[in-house]
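See below for the structure under consideration.
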Amino acid sequence: MFFKVLSALFAAIWSVICSFFPTFNFQITVNPAVFDCGNEYYSVIWATSAKGSGYIEYTVDGEVKRIYDASSGLIKTDDTIHTVTVPKSELNGNSYKVGSQYVAFKYGYSAIKGKTVESDTYNFKGIPEEDDIKLLSISDIHGMEAQMYQSLSYFTDSPDILILLGDIVSTMETKNDFCTVLKDAADLSKSEIPVVYTRGNHETRGEFASQALRYFSFETGEYYYTFDFGPLSAVVIDSGEDKKDSDPGYDGLVDFNSYREKEYNWLCSLDADEFSDAMYRITFSHMPRLSDHFGKDWTAPLLSLDMDLLVGGHHHKSEFVDGDLPVFIDCGKNTSAVWAASMLTLKDGTIRMLTIDISGNTLLDKTITL
């Protein structure tokens, strides 16, 4: 009993000291990004300079709601990355902020806690009501953020949704690599619009690659899922690695054969009726050429869903390929180390694809009528 009392007293004193005189500058290092995870939920993810708790706060029907980064009743305190699952219906068109408290250690009956920090308040736009949707398409950044923003300066319209098409980083070796993905998502979305993340093949590589999924709440439990955004219904494909499992570069530590089989069966199980009311039907995949994806034609089930367009990156060039399922390839970093971004506009039953590079040159401007 004596040691429990002493521990609690020490924790209380230390918490007061840390609150007023923090031993280091505990802060939010990556602003929140709101990731679309399916038809019901968002994952709001941010990062802090040290481990601690996390929460999101917003108001619904006059009631202030605070949802913690928690598991089975326990608020998580052992990570610098924080994620909270929020119903779309509660966040769309609403304002929110996130917060975290430094937790040095959590004992059985007490904890050593310190400074609490909160983000700015963000006005989350949610889903636009009009049939005029702007999709900012970003692929293959590979560390070229400066060039990316130079390219984006030539776009005059503000996006309604951000599509991250993968290969945001070149490897996922550490948590810092994942935080780069989060930071790009937060900065590009300004924490105010949804982010759709399509995993690239480079983000399957490295020690941390197998851990990143736990921060998302994708409705399938994997990186592939479907979502609706106003008149748009979409399928997100995880195209995985770009070489066979036997490639020596993987050193025998991948099993994408099994993963692709599971994903392909899921894709074939999708019901076309779920997409019947959509004005626009788009598939997003880092690798866009899926007619022969490791021995299977993945475009066949997509055509059965009446998909209008397949959008991807990976090839480091800007291209439109017409066909039964038209393909738009976003550029990102091209082979000449020049960068380009794209904006897709959905309006009046048409899809316009516009790609602009760092010098303001239009690489592609194509409109299809559905």
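How things are named: the first chain in the structure tokens is A, the next is B, and so on; residues count from 1 in each chain; ligands count from 1 in the order shown.
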Give me the segment 206-237 of chain A side of the contact with segment 280-294 of chain A, cut-off 8 Å, one line per residue showing its nearest atom pair and distance in Å at one decimal, counting only C-alpha atoms, sorted by chain and residue number, as a tab-separated table.
residue	atom	partner	partner_atom	distance
A:Pro231	CA	A:Tyr280	CA	6.2
A:Leu232	CA	A:Tyr280	CA	4.7
A:Ser233	CA	A:Arg281	CA	5.1
A:Ala234	CA	A:Ile282	CA	4.9
A:Val235	CA	A:Thr283	CA	4.6
A:Val236	CA	A:Phe284	CA	4.9
A:Ile237	CA	A:Ser285	CA	4.8
Using only C-alpha atoms, what does the table of segment 157-223 of chain A residues within 8 Å of segment 127-147 of chain A look like, with each row giving the shortest atom pair and its distance in Å to one decimal, sorted by chain and ascending number, as a Markdown table?
| residue | atom | partner | partner_atom | distance |
| --- | --- | --- | --- | --- |
| A:Asp157 | CA | A:Lys134 | CA | 7.7 |
| A:Ser158 | CA | A:Lys134 | CA | 7.2 |
| A:Pro159 | CA | A:Lys134 | CA | 4.7 |
| A:Asp160 | CA | A:Lys134 | CA | 5.2 |
| A:Ile161 | CA | A:Leu135 | CA | 5.2 |
| A:Leu162 | CA | A:Leu136 | CA | 4.9 |
| A:Ile163 | CA | A:Ser137 | CA | 4.9 |
| A:Leu164 | CA | A:Ile138 | CA | 5.1 |
| A:Leu165 | CA | A:Ser139 | CA | 4.7 |
| A:Gly166 | CA | A:Ser139 | CA | 5.6 |
| A:Asp167 | CA | A:Asp140 | CA | 4.6 |
| A:Ile168 | CA | A:Ile141 | CA | 4.8 |
| A:Val169 | CA | A:His142 | CA | 4.8 |
| A:Ser170 | CA | A:His142 | CA | 5.4 |
Expected file: the selected residues, N, CA and C atoms, as a PDB file, in the first residue's frame:
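The resulting file, result.pdb, is shown below:
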ATOM      1  N   ASP A 157      -8.530  26.097 -59.225  1.00  0.00           N
ATOM      2  CA  ASP A 157      -9.669  25.576 -58.458  1.00  0.00           C
ATOM      3  C   ASP A 157      -9.202  24.879 -57.188  1.00  0.00           C
ATOM      4  N   SER A 158      -9.994  24.995 -56.135  1.00  0.00           N
ATOM      5  CA  SER A 158      -9.720  24.279 -54.885  1.00  0.00           C
ATOM      6  C   SER A 158     -10.354  22.890 -54.960  1.00  0.00           C
ATOM      7  N   PRO A 159      -9.640  21.853 -54.531  1.00  0.00           N
ATOM      8  CA  PRO A 159     -10.184  20.496 -54.629  1.00  0.00           C
ATOM      9  C   PRO A 159     -11.228  20.209 -53.547  1.00  0.00           C
ATOM     10  N   ASP A 160     -12.099  19.275 -53.847  1.00  0.00           N
ATOM     11  CA  ASP A 160     -13.091  18.799 -52.881  1.00  0.00           C
ATOM     12  C   ASP A 160     -12.636  17.522 -52.191  1.00  0.00           C
ATOM     13  N   ILE A 161     -11.694  16.825 -52.814  1.00  0.00           N
ATOM     14  CA  ILE A 161     -11.187  15.569 -52.264  1.00  0.00           C
ATOM     15  C   ILE A 161      -9.769  15.362 -52.806  1.00  0.00           C
ATOM     16  N   LEU A 162      -8.916  14.775 -51.991  1.00  0.00           N
ATOM     17  CA  LEU A 162      -7.530  14.508 -52.372  1.00  0.00           C
ATOM     18  C   LEU A 162      -7.349  13.019 -52.620  1.00  0.00           C
ATOM     19  N   ILE A 163      -6.782  12.679 -53.765  1.00  0.00           N
ATOM     20  CA  ILE A 163      -6.480  11.285 -54.106  1.00  0.00           C
ATOM     21  C   ILE A 163      -4.967  11.111 -54.073  1.00  0.00           C
ATOM     22  N   LEU A 164      -4.467  10.370 -53.101  1.00  0.00           N
ATOM     23  CA  LEU A 164      -3.046  10.024 -53.042  1.00  0.00           C
ATOM     24  C   LEU A 164      -2.870   8.654 -53.684  1.00  0.00           C
ATOM     25  N   LEU A 165      -2.245   8.638 -54.849  1.00  0.00           N
ATOM     26  CA  LEU A 165      -2.194   7.427 -55.665  1.00  0.00           C
ATOM     27  C   LEU A 165      -0.990   6.541 -55.381  1.00  0.00           C
ATOM     28  N   GLY A 166      -0.294   6.789 -54.290  1.00  0.00           N
ATOM     29  CA  GLY A 166       0.785   5.889 -53.912  1.00  0.00           C
ATOM     30  C   GLY A 166       2.164   6.339 -54.323  1.00  0.00           C
ATOM     31  N   ASP A 167       3.161   5.667 -53.771  1.00  0.00           N
ATOM     32  CA  ASP A 167       4.573   6.030 -53.924  1.00  0.00           C
ATOM     33  C   ASP A 167       4.799   7.469 -53.483  1.00  0.00           C
ATOM     34  N   ILE A 168       4.174   7.818 -52.386  1.00  0.00           N
ATOM     35  CA  ILE A 168       4.398   9.124 -51.791  1.00  0.00           C
ATOM     36  C   ILE A 168       5.836   9.172 -51.272  1.00  0.00           C
ATOM     37  N   VAL A 169       6.301   8.046 -50.726  1.00  0.00           N
ATOM     38  CA  VAL A 169       7.692   7.884 -50.315  1.00  0.00           C
ATOM     39  C   VAL A 169       8.296   6.728 -51.100  1.00  0.00           C
ATOM     40  N   SER A 170       9.609   6.623 -51.048  1.00  0.00           N
ATOM     41  CA  SER A 170      10.289   5.574 -51.819  1.00  0.00           C
ATOM     42  C   SER A 170      10.456   4.279 -51.047  1.00  0.00           C
TER      43      SER A 170
END
request  = Once DSSP has gone over the backbone, tell me which residues of segment 99-246 of chain A are in strand (DSSP E or B), as a count of residues only.
outcome  = 43
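Of the listed residues A:Asn31, A:Thr80, A:Thr335, A:Ser246, the one whose atoms come nearest to Ser191 of chain A is A:Asn31, with distances taken using only C-alpha atoms.
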inquiry  = Give me, as a PyMOL selection string, all polymer residues having an atom no more than 12 Å from Asp306 of chain A, counting only C-alpha atoms and skipping those fewer than 2 positions away in the same chain.
reply    = chain A and resi 233-235+270-283+299-304+308-310+324-326+370
request  = Per DSSP on the backbone, filter segment 109-232 of chain A down to the residues in helix (DSSP H, G or I) and report them as number ranges by chain.
outcome  = A: 145-152, 175-189, 201-204, 207-210, 212-215
Convert the current residue selection to file output with N, CA and C atoms, as an mmCIF file, in the first residue's frame.
data_model
loop_
_atom_site.group_PDB
_atom_site.id
_atom_site.type_symbol
_atom_site.label_atom_id
_atom_site.label_comp_id
_atom_site.auth_asym_id
_atom_site.auth_seq_id
_atom_site.Cartn_x
_atom_site.Cartn_y
_atom_site.Cartn_z
ATOM 1 N N GLU A 145 8.507 17.156 -52.951
ATOM 2 C CA GLU A 145 7.428 18.026 -52.492
ATOM 3 C C GLU A 145 7.555 19.446 -53.026
ATOM 4 N N ALA A 146 8.763 19.980 -53.095
ATOM 5 C CA ALA A 146 8.944 21.354 -53.586
ATOM 6 C C ALA A 146 8.450 21.488 -55.020
ATOM 7 N N GLN A 147 8.798 20.533 -55.868
ATOM 8 C CA GLN A 147 8.342 20.568 -57.253
ATOM 9 C C GLN A 147 6.837 20.353 -57.336
ATOM 10 N N MET A 148 6.311 19.513 -56.441
ATOM 11 C CA MET A 148 4.875 19.262 -56.428
ATOM 12 C C MET A 148 4.092 20.554 -56.192
ATOM 13 N N TYR A 149 4.503 21.325 -55.183
ATOM 14 C CA TYR A 149 3.792 22.554 -54.882
ATOM 15 C C TYR A 149 3.963 23.598 -55.985
ATOM 16 N N GLN A 150 5.094 23.547 -56.681
ATOM 17 C CA GLN A 150 5.284 24.439 -57.821
ATOM 18 C C GLN A 150 4.271 24.115 -58.914
ATOM 19 N N SER A 151 4.057 22.834 -59.147
ATOM 20 C CA SER A 151 3.070 22.407 -60.133
ATOM 21 C C SER A 151 1.661 22.811 -59.704
ATOM 22 N N LEU A 152 1.370 22.633 -58.420
ATOM 23 C CA LEU A 152 0.027 22.935 -57.919
ATOM 24 C C LEU A 152 -0.309 24.416 -57.990
ATOM 25 N N LYS A 175 8.944 4.763 -39.028
ATOM 26 C CA LYS A 175 7.731 5.521 -38.730
ATOM 27 C C LYS A 175 7.806 6.914 -39.341
ATOM 28 N N ASN A 176 9.003 7.456 -39.451
ATOM 29 C CA ASN A 176 9.164 8.771 -40.078
ATOM 30 C C ASN A 176 8.729 8.762 -41.537
ATOM 31 N N ASP A 177 8.963 7.652 -42.227
ATOM 32 C CA ASP A 177 8.510 7.540 -43.612
ATOM 33 C C ASP A 177 6.990 7.614 -43.675
ATOM 34 N N PHE A 178 6.331 6.922 -42.761
ATOM 35 C CA PHE A 178 4.873 6.963 -42.719
ATOM 36 C C PHE A 178 4.387 8.366 -42.376
ATOM 37 N N CYS A 179 5.102 9.035 -41.483
ATOM 38 C CA CYS A 179 4.738 10.414 -41.127
ATOM 39 C C CYS A 179 4.871 11.360 -42.308
ATOM 40 N N THR A 180 5.772 11.055 -43.242
ATOM 41 C CA THR A 180 5.873 11.855 -44.461
ATOM 42 C C THR A 180 4.592 11.734 -45.280
ATOM 43 N N VAL A 181 4.062 10.520 -45.373
ATOM 44 C CA VAL A 181 2.784 10.319 -46.063
ATOM 45 C C VAL A 181 1.684 11.114 -45.365
ATOM 46 N N LEU A 182 1.651 11.034 -44.033
ATOM 47 C CA LEU A 182 0.643 11.766 -43.266
ATOM 48 C C LEU A 182 0.772 13.269 -43.467
ATOM 49 N N LYS A 183 2.013 13.762 -43.440
ATOM 50 C CA LYS A 183 2.230 15.205 -43.584
ATOM 51 C C LYS A 183 1.797 15.696 -44.963
ATOM 52 N N ASP A 184 2.150 14.954 -46.001
ATOM 53 C CA ASP A 184 1.720 15.353 -47.342
ATOM 54 C C ASP A 184 0.193 15.336 -47.435
ATOM 55 N N ALA A 185 -0.423 14.330 -46.837
ATOM 56 C CA ALA A 185 -1.890 14.245 -46.854
ATOM 57 C C ALA A 185 -2.510 15.433 -46.129
ATOM 58 N N ALA A 186 -1.967 15.766 -44.953
ATOM 59 C CA ALA A 186 -2.505 16.875 -44.165
ATOM 60 C C ALA A 186 -2.284 18.213 -44.853
ATOM 61 N N ASP A 187 -1.076 18.420 -45.388
ATOM 62 C CA ASP A 187 -0.755 19.700 -46.023
ATOM 63 C C ASP A 187 -1.572 19.909 -47.297
ATOM 64 N N LEU A 188 -1.678 18.871 -48.118
ATOM 65 C CA LEU A 188 -2.400 19.004 -49.382
ATOM 66 C C LEU A 188 -3.903 19.159 -49.165
ATOM 67 N N SER A 189 -4.430 18.511 -48.147
ATOM 68 C CA SER A 189 -5.864 18.594 -47.858
ATOM 69 C C SER A 189 -6.202 19.769 -46.953
ATOM 70 N N ASN A 201 3.555 0.565 -54.650
ATOM 71 C CA ASN A 201 4.463 -0.566 -54.457
ATOM 72 C C ASN A 201 5.662 -0.195 -53.585
ATOM 73 N N HIS A 202 6.117 1.058 -53.648
ATOM 74 C CA HIS A 202 7.242 1.464 -52.817
ATOM 75 C C HIS A 202 6.858 1.522 -51.339
ATOM 76 N N GLU A 203 5.573 1.688 -51.061
ATOM 77 C CA GLU A 203 5.124 1.737 -49.673
ATOM 78 C C GLU A 203 4.863 0.354 -49.085
ATOM 79 N N THR A 204 5.179 -0.682 -49.866
ATOM 80 C CA THR A 204 5.167 -2.044 -49.324
ATOM 81 C C THR A 204 6.563 -2.475 -48.877
ATOM 82 N N GLU A 207 10.719 -2.100 -43.111
ATOM 83 C CA GLU A 207 10.280 -2.686 -41.844
ATOM 84 C C GLU A 207 8.924 -2.163 -41.394
ATOM 85 N N PHE A 208 8.662 -0.862 -41.606
ATOM 86 C CA PHE A 208 7.423 -0.290 -41.079
ATOM 87 C C PHE A 208 6.228 -0.537 -41.992
ATOM 88 N N ALA A 209 6.463 -1.023 -43.211
ATOM 89 C CA ALA A 209 5.380 -1.215 -44.176
ATOM 90 C C ALA A 209 4.292 -2.139 -43.646
ATOM 91 N N SER A 210 4.671 -3.139 -42.873
ATOM 92 C CA SER A 210 3.691 -4.092 -42.349
ATOM 93 C C SER A 210 2.920 -3.539 -41.154
ATOM 94 N N ALA A 212 1.822 -0.094 -40.955
ATOM 95 C CA ALA A 212 1.066 1.119 -41.273
ATOM 96 C C ALA A 212 -0.443 0.893 -41.292
ATOM 97 N N LEU A 213 -0.885 -0.304 -41.668
ATOM 98 C CA LEU A 213 -2.316 -0.564 -41.806
ATOM 99 C C LEU A 213 -3.079 -0.350 -40.498
ATOM 100 N N ARG A 214 -2.427 -0.544 -39.358
ATOM 101 C CA ARG A 214 -3.135 -0.460 -38.071
ATOM 102 C C ARG A 214 -3.625 0.946 -37.755
ATOM 103 N N TYR A 215 -3.143 1.948 -38.478
ATOM 104 C CA TYR A 215 -3.589 3.310 -38.221
ATOM 105 C C TYR A 215 -4.851 3.685 -39.006
#
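Distances to Ala47 of chain A were evaluated for A:His82, A:Lys333, A:Lys262, A:Lys296 using only C-alpha atoms, and the minimum falls at A:His82.
One finds atom CA of Ile368 of chain A at 6.5 Å from atom CA of Arg352 of chain A.
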inquiry  = Could you list, as an MDAnalysis selection string, every residue within 8 Å of Thr77 of chain A, counting only C-alpha atoms and ignoring same-chain residues fewer than 3 positions away?
reply    = chainID A and resid 51:54 103 106
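The interatomic distance for the pair atom CA of Pro32 of chain A and atom CA of Thr116 of chain A works out to 16.0 Å.
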